[in-house]
>>> print(open('model.txt').read())   # compact mmCIF, C-alpha atoms (C1' of nucleotides)
# COMPACT_ATOMS: atom_id res chain seq x y z
CA MET M 5 -140.71 -53.99 -105.82
CA LYS M 6 -138.23 -52.92 -108.47
CA LYS M 7 -134.98 -53.92 -106.87
CA GLY M 8 -136.14 -57.47 -106.30
CA ALA M 9 -136.87 -58.18 -109.94
CA GLU M 10 -133.55 -56.64 -110.86
CA THR M 11 -131.48 -58.91 -108.64
CA LYS M 12 -133.55 -61.89 -109.64
CA PHE M 13 -132.76 -61.15 -113.25
CA HIS M 14 -129.08 -60.86 -112.49
CA ILE M 15 -129.13 -64.16 -110.61
CA LEU M 16 -130.78 -65.84 -113.57
CA GLU M 17 -128.20 -64.43 -115.95
CA VAL M 18 -125.38 -65.94 -113.94
CA ALA M 19 -127.33 -69.14 -113.30
CA THR M 20 -128.11 -69.66 -116.97
CA ASP M 21 -124.46 -69.35 -117.85
CA MET M 22 -123.56 -71.77 -115.08
CA ALA M 23 -126.24 -74.20 -116.25
CA SER M 24 -124.86 -74.11 -119.77
CA ARG M 25 -121.62 -75.46 -118.39
CA LEU M 26 -122.61 -77.77 -115.55
CA GLY M 27 -126.21 -78.55 -116.39
CA LEU M 28 -129.30 -77.67 -114.39
CA GLU M 29 -128.56 -80.43 -111.91
CA GLY M 30 -124.93 -79.45 -111.52
CA ILE M 31 -125.88 -76.08 -110.09
CA SER M 32 -125.86 -75.69 -106.34
CA ILE M 33 -127.36 -72.79 -104.44
CA GLY M 34 -124.16 -72.32 -102.51
CA ALA M 35 -122.03 -72.04 -105.63
CA LEU M 36 -124.54 -69.79 -107.31
CA SER M 37 -124.71 -67.45 -104.32
CA LYS M 38 -120.94 -67.10 -104.39
CA ALA M 39 -120.96 -66.38 -108.11
CA THR M 40 -123.53 -63.64 -107.57
CA HIS M 41 -121.89 -62.27 -104.40
CA MET M 42 -124.95 -62.97 -102.34
CA SER M 43 -125.77 -64.93 -99.24
CA LYS M 44 -127.24 -68.36 -99.73
CA SER M 45 -130.43 -67.47 -97.89
CA GLY M 46 -130.79 -64.14 -99.65
CA LEU M 47 -130.65 -65.84 -103.00
CA PHE M 48 -132.83 -68.70 -101.90
CA ALA M 49 -135.62 -66.33 -100.86
CA HIS M 50 -136.16 -65.45 -104.51
CA PHE M 51 -137.09 -68.98 -105.47
CA GLN M 52 -138.37 -70.83 -102.36
CA SER M 53 -136.98 -74.13 -103.61
CA LYS M 54 -134.28 -75.51 -105.84
CA GLU M 55 -136.84 -76.92 -108.22
CA ASN M 56 -138.33 -73.45 -108.63
CA LEU M 57 -134.86 -72.11 -109.29
CA GLN M 58 -134.30 -74.69 -112.01
CA LEU M 59 -137.66 -73.88 -113.54
CA ALA M 60 -136.88 -70.17 -113.43
CA ILE M 61 -133.55 -70.77 -115.15
CA LEU M 62 -135.32 -72.75 -117.84
CA GLU M 63 -137.88 -70.03 -118.34
CA HIS M 64 -135.13 -67.45 -118.54
CA ALA M 65 -133.21 -69.49 -121.09
CA ILE M 66 -136.34 -69.99 -123.13
CA GLY M 67 -136.76 -66.23 -123.27
CA ILE M 68 -133.20 -65.67 -124.44
CA PHE M 69 -133.55 -68.45 -126.98
CA ALA M 70 -136.68 -66.88 -128.43
CA GLU M 71 -134.99 -63.52 -128.58
CA LYS M 72 -131.75 -64.70 -130.13
CA VAL M 73 -132.82 -67.62 -132.26
CA ALA M 74 -136.51 -68.15 -132.84
CA ILE M 75 -137.76 -64.62 -133.48
CA PRO M 76 -134.87 -63.41 -135.68
CA THR M 77 -135.23 -66.54 -137.76
CA LEU M 78 -138.91 -66.01 -138.38
CA LYS M 79 -138.18 -62.52 -139.66
CA THR M 80 -136.13 -63.85 -142.55
CA THR M 81 -137.69 -64.87 -145.83
CA ALA M 82 -139.35 -68.26 -145.72
CA GLY M 83 -137.84 -71.32 -147.36
CA ILE M 84 -134.24 -72.35 -147.65
CA PRO M 85 -132.82 -68.97 -146.60
CA ARG M 86 -134.75 -69.24 -143.35
CA ILE M 87 -133.43 -72.73 -142.76
CA LYS M 88 -129.86 -71.57 -143.22
CA THR M 89 -130.40 -68.63 -140.93
CA LEU M 90 -131.87 -70.94 -138.34
CA LEU M 91 -128.75 -73.06 -138.40
CA GLU M 92 -126.50 -70.04 -138.03
CA LYS M 93 -128.51 -68.58 -135.17
CA TRP M 94 -128.61 -71.88 -133.36
CA ILE M 95 -124.87 -72.38 -133.71
CA ALA M 96 -124.24 -68.87 -132.45
CA TRP M 97 -126.54 -69.58 -129.51
CA SER M 98 -124.95 -72.88 -128.55
CA THR M 99 -121.38 -71.73 -128.97
CA GLN M 100 -121.70 -68.46 -127.08
CA SER M 101 -119.64 -68.39 -123.87
CA THR M 102 -117.81 -71.45 -122.65
CA GLY M 103 -120.84 -73.63 -122.11
CA GLY M 104 -123.22 -75.20 -124.59
CA CYS M 105 -126.94 -75.21 -125.22
CA VAL M 106 -128.76 -75.37 -121.90
CA PHE M 107 -131.55 -77.44 -123.37
CA VAL M 108 -129.31 -80.05 -124.93
CA ILE M 109 -127.48 -80.60 -121.66
CA ALA M 110 -130.65 -80.54 -119.59
CA SER M 111 -132.34 -82.95 -121.97
CA ALA M 112 -129.68 -85.55 -121.34
CA ASP M 113 -129.65 -84.88 -117.61
CA PHE M 114 -133.36 -85.02 -116.97
CA SER M 115 -134.53 -87.77 -119.29
CA ASP M 116 -134.72 -90.09 -116.31
CA ARG M 117 -135.45 -87.60 -113.55
CA PRO M 118 -139.23 -87.32 -113.23
CA GLY M 119 -140.66 -84.01 -112.04
CA LYS M 120 -141.72 -80.57 -113.10
CA VAL M 121 -138.30 -79.75 -114.50
CA ARG M 122 -138.30 -82.69 -116.88
CA ASP M 123 -141.85 -81.89 -117.90
CA ARG M 124 -140.85 -78.34 -118.76
CA ILE M 125 -137.81 -79.40 -120.75
CA ARG M 126 -139.84 -81.96 -122.60
CA ALA M 127 -142.43 -79.33 -123.49
CA GLN M 128 -139.73 -76.93 -124.64
CA GLN M 129 -138.09 -79.55 -126.81
CA GLN M 130 -141.43 -80.53 -128.26
CA ASP M 131 -142.12 -76.89 -129.08
CA TRP M 132 -138.74 -76.71 -130.72
CA VAL M 133 -139.21 -79.67 -133.04
CA ASP M 134 -142.69 -78.40 -133.84
CA ALA M 135 -141.16 -75.09 -134.79
CA LEU M 136 -138.64 -76.87 -137.01
CA ALA M 137 -141.48 -78.69 -138.72
CA ARG M 138 -143.24 -75.38 -139.34
CA VAL M 139 -140.10 -73.99 -140.92
CA ALA M 140 -140.17 -76.92 -143.33
CA GLN M 141 -143.86 -76.29 -143.93
CA SER M 142 -143.17 -72.71 -144.90
CA ALA M 143 -140.46 -73.95 -147.25
CA ILE M 144 -143.12 -76.01 -148.98
CA ARG M 145 -145.38 -72.99 -149.19
CA VAL M 146 -142.82 -70.92 -151.05
CA GLY M 147 -141.89 -73.81 -153.30
CA ASP M 148 -138.40 -74.53 -151.97
CA PHE M 149 -139.45 -77.98 -150.76
CA ARG M 150 -141.58 -80.56 -152.54
CA ASP M 151 -145.12 -80.72 -151.22
CA ASP M 152 -145.07 -84.46 -150.58
CA ILE M 153 -142.44 -84.36 -147.87
CA ASP M 154 -142.86 -85.15 -144.17
CA CYS M 155 -142.15 -81.98 -142.22
CA ARG M 156 -141.65 -83.82 -138.94
CA GLN M 157 -139.15 -86.07 -140.62
CA PHE M 158 -137.23 -83.02 -141.72
CA ALA M 159 -137.37 -81.65 -138.16
CA PHE M 160 -135.88 -84.87 -136.83
CA GLU M 161 -133.06 -84.99 -139.33
CA PHE M 162 -132.30 -81.31 -138.95
CA TYR M 163 -132.24 -81.38 -135.17
CA SER M 164 -130.10 -84.50 -135.25
CA LEU M 165 -127.46 -82.56 -137.12
CA LEU M 166 -127.54 -79.86 -134.47
CA LEU M 167 -127.05 -82.44 -131.75
CA GLY M 168 -124.18 -83.97 -133.66
CA PHE M 169 -122.64 -80.56 -134.06
CA HIS M 170 -122.99 -79.92 -130.35
CA LEU M 171 -121.04 -83.06 -129.47
CA TYR M 172 -118.35 -82.59 -132.10
CA TYR M 173 -117.89 -78.97 -131.16
CA LYS M 174 -117.97 -79.20 -127.39
CA LEU M 175 -116.54 -82.58 -126.50
CA LEU M 176 -114.47 -83.61 -129.50
CA GLN M 177 -113.54 -80.05 -130.39
CA SER M 178 -113.34 -81.08 -133.99
CA PRO M 179 -111.84 -78.17 -135.94
CA ASP M 180 -113.71 -78.69 -139.22
CA ILE M 181 -117.13 -79.39 -137.79
CA GLU M 182 -118.67 -76.17 -139.08
CA GLU M 183 -117.87 -77.13 -142.64
CA ARG M 184 -119.14 -80.65 -142.10
CA GLN M 185 -122.32 -79.22 -140.70
CA LYS M 186 -122.77 -77.01 -143.73
CA GLU M 187 -122.19 -79.86 -146.12
CA ALA M 188 -124.61 -82.09 -144.25
CA LEU M 189 -127.24 -79.38 -144.39
CA GLU M 190 -126.77 -78.94 -148.13
CA ARG M 191 -127.38 -82.62 -148.65
CA LEU M 192 -130.34 -82.62 -146.30
CA ILE M 193 -131.94 -79.74 -148.15
CA ALA M 194 -131.26 -81.41 -151.48
CA ASN M 195 -133.21 -84.43 -150.30
CA TYR M 196 -136.32 -82.37 -149.65
CA ARG M 197 -136.07 -80.08 -152.63
CA MET A 27 -108.04 -112.37 -104.77
CA LYS A 28 -111.07 -113.88 -106.42
CA LYS A 29 -113.80 -112.55 -104.20
CA GLY A 30 -112.62 -108.99 -104.54
CA ALA A 31 -112.82 -108.93 -108.30
CA GLU A 32 -116.21 -110.55 -108.12
CA THR A 33 -117.75 -107.89 -105.89
CA LYS A 34 -116.07 -105.17 -107.86
CA PHE A 35 -117.66 -106.53 -111.00
CA HIS A 36 -121.05 -106.63 -109.36
CA ILE A 37 -120.66 -103.06 -108.14
CA LEU A 38 -119.80 -101.95 -111.65
CA GLU A 39 -122.82 -103.72 -113.08
CA VAL A 40 -125.13 -101.84 -110.76
CA ALA A 41 -123.18 -98.62 -111.15
CA THR A 42 -123.28 -98.75 -114.94
CA ASP A 43 -127.03 -99.14 -114.88
CA MET A 44 -127.32 -96.26 -112.44
CA ALA A 45 -125.05 -94.11 -114.60
CA SER A 46 -127.21 -94.79 -117.64
CA ARG A 47 -130.08 -93.15 -115.78
CA LEU A 48 -128.49 -90.41 -113.70
CA GLY A 49 -125.21 -89.86 -115.48
CA LEU A 50 -121.72 -90.43 -114.16
CA GLU A 51 -121.91 -87.27 -112.10
CA GLY A 52 -125.33 -88.11 -110.69
CA ILE A 53 -124.00 -91.19 -108.96
CA SER A 54 -123.16 -90.92 -105.29
CA ILE A 55 -121.17 -93.46 -103.36
CA GLY A 56 -123.81 -93.53 -100.65
CA ALA A 57 -126.61 -94.31 -103.08
CA LEU A 58 -124.49 -96.87 -104.89
CA SER A 59 -123.58 -98.64 -101.67
CA LYS A 60 -127.25 -98.95 -100.78
CA ALA A 61 -128.08 -100.31 -104.22
CA THR A 62 -125.38 -102.95 -103.84
CA HIS A 63 -126.18 -103.72 -100.19
CA MET A 64 -122.73 -102.74 -99.06
CA SER A 65 -121.26 -100.28 -96.63
CA LYS A 66 -120.05 -97.00 -98.04
CA SER A 67 -116.48 -97.61 -96.88
CA GLY A 68 -116.44 -101.19 -98.09
CA LEU A 69 -117.42 -100.10 -101.54
CA PHE A 70 -115.12 -97.10 -101.51
CA ALA A 71 -112.11 -99.30 -100.76
CA HIS A 72 -112.42 -100.83 -104.21
CA PHE A 73 -111.84 -97.53 -105.97
CA GLN A 74 -109.90 -95.19 -103.63
CA SER A 75 -111.65 -92.15 -105.04
CA LYS A 76 -114.83 -91.14 -106.77
CA GLU A 77 -112.93 -90.21 -109.91
CA ASN A 78 -111.51 -93.72 -110.06
CA LEU A 79 -115.00 -95.10 -109.62
CA GLN A 80 -116.24 -93.03 -112.55
CA LEU A 81 -113.31 -94.16 -114.66
CA ALA A 82 -113.96 -97.78 -113.73
CA ILE A 83 -117.61 -97.42 -114.68
CA LEU A 84 -116.56 -95.99 -118.03
CA GLU A 85 -114.13 -98.81 -118.62
CA HIS A 86 -116.79 -101.33 -117.71
CA ALA A 87 -119.32 -99.75 -120.05
CA ILE A 88 -116.76 -99.67 -122.84
CA GLY A 89 -116.31 -103.40 -122.41
CA ILE A 90 -120.04 -104.08 -122.60
CA PHE A 91 -120.34 -101.79 -125.60
CA ALA A 92 -117.62 -103.66 -127.46
CA GLU A 93 -119.21 -106.97 -126.61
CA LYS A 94 -122.77 -106.03 -127.53
CA VAL A 95 -122.29 -103.53 -130.34
CA ALA A 96 -118.86 -103.18 -131.86
CA ILE A 97 -117.71 -106.80 -132.13
CA PRO A 98 -121.01 -108.32 -133.35
CA THR A 99 -121.22 -105.60 -135.98
CA LEU A 100 -117.78 -106.30 -137.36
CA LYS A 101 -118.73 -109.96 -137.77
CA THR A 102 -121.43 -109.12 -140.30
CA THR A 103 -120.74 -108.72 -143.99
CA ALA A 104 -119.17 -105.39 -144.85
CA GLY A 105 -121.07 -102.64 -146.61
CA ILE A 106 -124.67 -101.57 -146.21
CA PRO A 107 -125.71 -104.69 -144.27
CA ARG A 108 -123.09 -103.89 -141.67
CA ILE A 109 -124.30 -100.34 -141.40
CA LYS A 110 -127.85 -101.48 -140.80
CA THR A 111 -126.71 -104.00 -138.22
CA LEU A 112 -124.73 -101.29 -136.49
CA LEU A 113 -127.82 -99.17 -136.20
CA GLU A 114 -129.85 -102.02 -134.77
CA LYS A 115 -127.19 -102.99 -132.26
CA TRP A 116 -126.75 -99.43 -131.13
CA ILE A 117 -130.46 -98.93 -130.66
CA ALA A 118 -130.70 -102.16 -128.70
CA TRP A 119 -127.79 -100.99 -126.56
CA SER A 120 -129.17 -97.54 -125.85
CA THR A 121 -132.72 -98.66 -125.19
CA GLN A 122 -131.90 -101.57 -122.90
CA SER A 123 -133.15 -101.03 -119.35
CA THR A 124 -134.70 -97.77 -118.26
CA GLY A 125 -131.66 -95.60 -118.85
CA GLY A 126 -129.98 -94.55 -122.05
CA CYS A 127 -126.51 -94.72 -123.53
CA VAL A 128 -123.96 -94.00 -120.81
CA PHE A 129 -121.64 -92.27 -123.24
CA VAL A 130 -124.24 -89.94 -124.66
CA ILE A 131 -125.26 -88.79 -121.20
CA ALA A 132 -121.70 -88.55 -119.96
CA SER A 133 -120.67 -86.62 -123.07
CA ALA A 134 -123.16 -83.91 -122.28
CA ASP A 135 -122.29 -83.91 -118.58
CA PHE A 136 -118.53 -83.74 -118.89
CA SER A 137 -118.01 -81.45 -121.87
CA ASP A 138 -117.17 -78.65 -119.46
CA ARG A 139 -115.74 -80.64 -116.57
CA PRO A 140 -112.01 -80.93 -117.09
CA GLY A 141 -110.26 -84.01 -115.73
CA LYS A 142 -109.43 -87.62 -116.38
CA VAL A 143 -113.06 -88.60 -116.77
CA ARG A 144 -113.66 -86.12 -119.54
CA ASP A 145 -110.44 -87.15 -121.24
CA ARG A 146 -111.55 -90.76 -121.19
CA ILE A 147 -114.99 -90.01 -122.56
CA ARG A 148 -113.51 -87.86 -125.26
CA ALA A 149 -111.14 -90.67 -126.26
CA GLN A 150 -113.99 -93.16 -126.31
CA GLN A 151 -116.15 -90.93 -128.45
CA GLN A 152 -113.27 -90.29 -130.79
CA ASP A 153 -112.71 -94.03 -131.11
CA TRP A 154 -116.39 -94.43 -131.85
CA VAL A 155 -116.54 -91.92 -134.69
CA ASP A 156 -113.31 -93.39 -136.06
CA ALA A 157 -114.96 -96.80 -136.03
CA LEU A 158 -117.96 -95.38 -137.87
CA ALA A 159 -115.65 -93.95 -140.50
CA ARG A 160 -114.01 -97.34 -140.92
CA VAL A 161 -117.41 -98.92 -141.45
CA ALA A 162 -117.97 -96.46 -144.27
CA GLN A 163 -114.51 -97.25 -145.62
CA SER A 164 -115.34 -100.95 -145.76
CA ALA A 165 -118.55 -100.06 -147.58
CA ILE A 166 -116.44 -98.40 -150.22
CA ARG A 167 -114.22 -101.47 -150.44
CA VAL A 168 -117.11 -103.79 -151.24
CA GLY A 169 -118.60 -101.29 -153.66
CA ASP A 170 -121.70 -100.28 -151.69
CA PHE A 171 -120.47 -96.70 -151.40
CA ARG A 172 -118.86 -94.52 -154.04
CA ASP A 173 -115.12 -94.19 -153.66
CA ASP A 174 -115.09 -90.40 -153.68
CA ILE A 175 -117.01 -89.97 -150.45
CA ASP A 176 -115.74 -88.55 -147.16
CA CYS A 177 -115.90 -91.32 -144.56
CA ARG A 178 -115.65 -88.95 -141.64
CA GLN A 179 -118.52 -86.95 -143.04
CA PHE A 180 -120.58 -90.12 -143.11
CA ALA A 181 -119.58 -90.83 -139.50
CA PHE A 182 -120.76 -87.41 -138.44
CA GLU A 183 -124.11 -87.66 -140.17
CA PHE A 184 -124.68 -91.21 -138.99
CA TYR A 185 -123.85 -90.48 -135.38
CA SER A 186 -126.00 -87.37 -135.48
CA LEU A 187 -128.97 -89.55 -136.32
CA LEU A 188 -128.21 -91.75 -133.34
CA LEU A 189 -128.09 -88.73 -131.06
CA GLY A 190 -131.37 -87.51 -132.47
CA PHE A 191 -132.90 -90.90 -131.91
CA HIS A 192 -131.68 -90.88 -128.32
CA LEU A 193 -133.42 -87.61 -127.56
CA TYR A 194 -136.63 -88.45 -129.36
CA TYR A 195 -136.80 -91.84 -127.73
CA LYS A 196 -135.83 -90.96 -124.17
CA LEU A 197 -137.09 -87.46 -123.57
CA LEU A 198 -139.82 -86.91 -126.14
CA GLN A 199 -140.86 -90.56 -126.14
CA SER A 200 -141.90 -90.18 -129.73
CA PRO A 201 -143.78 -93.36 -130.72
CA ASP A 202 -142.75 -93.46 -134.38
CA ILE A 203 -139.10 -92.58 -133.96
CA GLU A 204 -137.84 -96.02 -134.99
CA GLU A 205 -139.49 -95.66 -138.39
CA ARG A 206 -138.19 -92.13 -138.77
CA GLN A 207 -134.75 -93.37 -137.94
CA LYS A 208 -134.98 -96.09 -140.56
CA GLU A 209 -136.16 -93.68 -143.20
CA ALA A 210 -133.41 -91.21 -142.37
CA LEU A 211 -130.83 -93.95 -142.66
CA GLU A 212 -132.17 -95.03 -146.04
CA ARG A 213 -131.79 -91.51 -147.33
CA LEU A 214 -128.36 -91.15 -145.79
CA ILE A 215 -127.17 -94.35 -147.43
CA ALA A 216 -128.65 -93.28 -150.75
CA ASN A 217 -126.55 -90.12 -150.60
CA TYR A 218 -123.34 -92.10 -150.39
CA ARG A 219 -124.24 -94.88 -152.76
C1' DG J 16 -106.43 -125.89 -88.00
C1' DA J 17 -103.26 -121.67 -87.64
C1' DC J 18 -101.40 -117.72 -89.99
C1' DT J 19 -101.76 -114.10 -93.18
C1' DA J 20 -103.54 -111.35 -96.26
C1' DA J 21 -107.67 -109.63 -98.51
C1' DT J 22 -112.07 -107.78 -97.86
C1' DA J 23 -115.85 -105.55 -95.54
C1' DC J 24 -117.70 -102.76 -91.87
C1' DG J 25 -118.78 -98.87 -88.37
C1' DA J 26 -117.88 -94.60 -86.93
C1' DA J 27 -116.42 -90.24 -87.69
C1' DC J 28 -114.28 -86.28 -90.23
C1' DG J 29 -115.00 -81.57 -92.41
C1' DA J 30 -117.52 -79.76 -96.17
C1' DT J 31 -121.50 -78.83 -98.55
C1' DC J 32 -126.22 -79.79 -99.70
C1' DG J 33 -131.24 -77.62 -99.62
C1' DT J 34 -134.12 -75.28 -96.50
C1' DG J 35 -136.11 -72.94 -92.63
C1' DC J 36 -136.33 -68.97 -89.15
C1' DT J 37 -134.93 -64.34 -87.26
C1' DT J 38 -132.80 -60.09 -87.65
C1' DT J 39 -130.78 -56.36 -90.05
C1' DT J 40 -130.51 -53.39 -93.95
C1' DA J 41 -132.53 -51.03 -98.23
C1' DT J 42 -136.09 -49.43 -100.75
C1' DT J 43 -140.40 -47.47 -101.35
C1' DG J 44 -144.81 -44.45 -101.27
C1' DA J 45 -147.22 -41.01 -98.67
C1' DT R 27 -138.97 -37.47 -93.62
C1' DC R 28 -140.88 -41.42 -91.79
C1' DA R 29 -143.36 -45.38 -91.27
C1' DA R 30 -144.34 -49.52 -94.11
C1' DT R 31 -142.52 -52.93 -96.69
C1' DA R 32 -139.35 -55.49 -99.39
C1' DA R 33 -134.85 -57.56 -99.73
C1' DA R 34 -130.77 -59.44 -98.03
C1' DA R 35 -128.02 -61.41 -94.51
C1' DG R 36 -127.03 -64.35 -90.45
C1' DC R 37 -127.37 -68.43 -88.29
C1' DA R 38 -128.64 -73.01 -87.69
C1' DC R 39 -130.93 -77.51 -88.87
C1' DG R 40 -130.61 -82.38 -90.51
C1' DA R 41 -128.96 -84.89 -94.42
C1' DT R 42 -125.66 -86.28 -97.41
C1' DC R 43 -121.30 -85.64 -99.77
C1' DG R 44 -116.38 -87.91 -100.47
C1' DT R 45 -112.91 -89.62 -97.59
C1' DT R 46 -110.05 -91.68 -93.70
C1' DC R 47 -109.11 -94.83 -90.06
C1' DG R 48 -109.23 -98.61 -87.03
C1' DT R 49 -111.32 -102.90 -86.42
C1' DA R 50 -113.72 -107.09 -87.47
C1' DT R 51 -114.63 -110.68 -90.63
C1' DT R 52 -113.67 -113.49 -94.25
C1' DA R 53 -110.70 -116.01 -97.63
C1' DG R 54 -106.73 -118.51 -99.31
C1' DT R 55 -102.10 -120.80 -98.10
C1' DC R 56 -99.12 -123.76 -95.50
>>> encode(input="model.txt", output="structure tokens")
Amino acid sequence: MKKGAETKFHILEVATDMASRLGLEGISIGALSKATHMSKSGLFAHFQSKENLQLAILEHAIGIFAEKVAIPTLKTTAGIPRIKTLLEKWIAWSTQSTGGCVFVIASADFSDRPGKVRDRIRAQQQDWVDALARVAQSAIRVGDFRDDIDCRQFAFEFYSLLLGFHLYYKLLQSPDIEERQKEALERLIANYR
Amino acid sequence: MKKGAETKFHILEVATDMASRLGLEGISIGALSKATHMSKSGLFAHFQSKENLQLAILEHAIGIFAEKVAIPTLKTTAGIPRIKTLLEKWIAWSTQSTGGCVFVIASADFSDRPGKVRDRIRAQQQDWVDALARVAQSAIRVGDFRDDIDCRQFAFEFYSLLLGFHLYYKLLQSPDIEERQKEALERLIANYR
DNA sequence: GACTAATACGAACGATCGTGCTTTTATTGA
DNA sequence: TCAATAAAAGCACGATCGTTCGTATTAGTC
């Protein structure tokens, strides 16, 4: 009962890394079994279907994301400092290892692929923008933002910058994108102050 | 010599639509041949390899993009009107049919897939952000933007908003995203005015 | 209308896909 | 320590992948 969960965890670690490079759809059970030094059937038995595997990877990634981004951010002081921390944590998350943010890649991949996987990604992304809106809300509470602003509008503009960063960093490999990102955030914050 | 080019064009029309839904990597020659009512080998003969097919699809999409977005935009009066037209044209482009913008999806897919296809996408995206910077430059020329701004910074922030729109529209299916987009653009323009 | 080249097709290749079943090997609790 | 159980491997399946080849059909040229 113990060993099983252990291997499953290890599989998901490798799979999550693979998914951050090739996307959830780009993963094959054969390739994953080789990467984990297991037999295809032995690995498969842990998930019963590929869809379940994809869902498990998502769930695993969501856990890591909470641990590395969401929770640490909420521990910082509310307002603008928290917003800046959030940006830093997210950049660290999406630039770790060779791949990018699993959710960004999966979002593009599954927008037009109906099923449980898309539903889960959609829910995760919705949670994420809701969380961003709450961060703005807390900035209002402490007086860093005006109280007549639209928190969801802030969430949209903030997340857009992250998506832009992701493309500039990963595909275009623009060398000065971190500075651009910082400057854009400064201006964004100024608009809501 | 005529018939061949004709079928090839038709294949690319269908393939481009398919790629806007499933991504360049999600396309299979078998599925594409069924969608075009051709035999697998008959279709394959037009491209010699899958990589060539993907490159041809990209080239085809680039042509459509120029025709429907880039060229019409450059025919409008320079400055803020041109920027607003650009936004409209791009939204029309990326929301046509069921799929999304081929380049956005392919950018996410191929960031970590080395090869000619990635190189081509990267070049296209670089051209695109360069074009955006030139639009900002022309806004300076006519006096709509200050002359001390960073055009590439504008390109980054503008494109980020498009990427955000793409996700909100396609995955989250947010009903009020067009208004949010408009408001974000207003603020963005105000920052450079 | 015949000849030639372009175009499309059918069949098959080896490889890999996701997924079952059966057997062997590890792990566990008494 | 030993039986009970969980985990992993082995093997095979039908389907599909990208690709090749030989053949048939079409098209354009004289």
>>> atom_distance(input="model.txt", atom1="CA of Tyr185 in chain A", atom2="CA of Gly168 in chain M")
6.7 Å
>>> interface_residues(input="model.txt", of="chain M", to="chain A", cutoff="8 Å", atoms="only C-alpha atoms", output="VMD selection string")
chain M and resid 25 to 27 102 to 103 108 to 109 111 to 117 126 129 to 130 157 160 to 161 163 to 169 171 174 to 176 184 188 191 195
>>> interface_residues(input="model.txt", of="chain M", to="chain J", cutoff="8 Å", atoms="all atoms listed in the file", output="ChimeraX atom specification")
/M:5,7,32-33,53-54
>>> atom_distance(input="model.txt", atom1="CA of Tyr218 in chain A", atom2="CA of Ala140 in chain M")
23.7 Å
>>> interface_residues(input="model.txt", of="chain R", to="chain A", cutoff="8 Å", atoms="only C-alpha atoms (C1' of nucleotides)", output="tab-separated table (two decimals) with C-alpha atoms (C1' of nucleotides), in the coordinates of the input")
chain	number	residue	atom	x	y	z
R	43	DC	C1'	-121.30	-85.64	-99.77
R	44	DG	C1'	-116.38	-87.91	-100.47
R	45	DT	C1'	-112.91	-89.62	-97.59
>>> residues_around(input="model.txt", residues="Glu63 in chain M", least_positions_apart="2", cutoff="10 Å", atoms="all atoms listed in the file", output="PyMOL selection string")
chain M and resi 16+20+57-61+65-69+124-125+128
>>> atom_distance(input="model.txt", atom1="C1' of DG36 in chain R", atom2="CA of Glu17 in chain M")
25.5 Å
>>> decode(input="model.txt", residues="range 57-68 of chain A", atoms="N, CA and C atoms", output="PDB file, in the first residue's frame")
ATOM      1  N   ALA A  57      -6.086  11.784 -40.541  1.00  0.00           N
ATOM      2  CA  ALA A  57      -7.285  12.584 -40.261  1.00  0.00           C
ATOM      3  C   ALA A  57      -7.477  13.667 -41.317  1.00  0.00           C
ATOM      4  N   LEU A  58      -6.375  14.270 -41.729  1.00  0.00           N
ATOM      5  CA  LEU A  58      -6.469  15.332 -42.733  1.00  0.00           C
ATOM      6  C   LEU A  58      -6.930  14.781 -44.086  1.00  0.00           C
ATOM      7  N   SER A  59      -6.470  13.596 -44.420  1.00  0.00           N
ATOM      8  CA  SER A  59      -6.869  13.008 -45.696  1.00  0.00           C
ATOM      9  C   SER A  59      -8.362  12.681 -45.695  1.00  0.00           C
ATOM     10  N   LYS A  60      -8.865  12.267 -44.566  1.00  0.00           N
ATOM     11  CA  LYS A  60     -10.314  12.006 -44.475  1.00  0.00           C
ATOM     12  C   LYS A  60     -11.102  13.303 -44.611  1.00  0.00           C
ATOM     13  N   ALA A  61     -10.616  14.348 -43.953  1.00  0.00           N
ATOM     14  CA  ALA A  61     -11.320  15.632 -43.991  1.00  0.00           C
ATOM     15  C   ALA A  61     -11.320  16.231 -45.393  1.00  0.00           C
ATOM     16  N   THR A  62     -10.339  15.853 -46.200  1.00  0.00           N
ATOM     17  CA  THR A  62     -10.264  16.403 -47.559  1.00  0.00           C
ATOM     18  C   THR A  62     -10.745  15.400 -48.612  1.00  0.00           C
ATOM     19  N   HIS A  63     -11.239  14.254 -48.137  1.00  0.00           N
ATOM     20  CA  HIS A  63     -11.726  13.197 -49.033  1.00  0.00           C
ATOM     21  C   HIS A  63     -10.651  12.759 -50.021  1.00  0.00           C
ATOM     22  N   MET A  64      -9.460  12.554 -49.458  1.00  0.00           N
ATOM     23  CA  MET A  64      -8.369  12.067 -50.299  1.00  0.00           C
ATOM     24  C   MET A  64      -7.762  10.828 -49.657  1.00  0.00           C
ATOM     25  N   SER A  65      -6.919  10.162 -50.438  1.00  0.00           N
ATOM     26  CA  SER A  65      -6.179   9.049 -49.858  1.00  0.00           C
ATOM     27  C   SER A  65      -4.969   9.615 -49.121  1.00  0.00           C
ATOM     28  N   LYS A  66      -4.526   8.867 -48.128  1.00  0.00           N
ATOM     29  CA  LYS A  66      -3.399   9.314 -47.321  1.00  0.00           C
ATOM     30  C   LYS A  66      -2.175   9.561 -48.205  1.00  0.00           C
ATOM     31  N   SER A  67      -1.901   8.608 -49.099  1.00  0.00           N
ATOM     32  CA  SER A  67      -0.703   8.712 -49.935  1.00  0.00           C
ATOM     33  C   SER A  67      -0.823   9.829 -50.963  1.00  0.00           C
ATOM     34  N   GLY A  68      -2.037  10.025 -51.463  1.00  0.00           N
ATOM     35  CA  GLY A  68      -2.255  11.100 -52.424  1.00  0.00           C
ATOM     36  C   GLY A  68      -1.989  12.459 -51.815  1.00  0.00           C
TER      37      GLY A  68
END
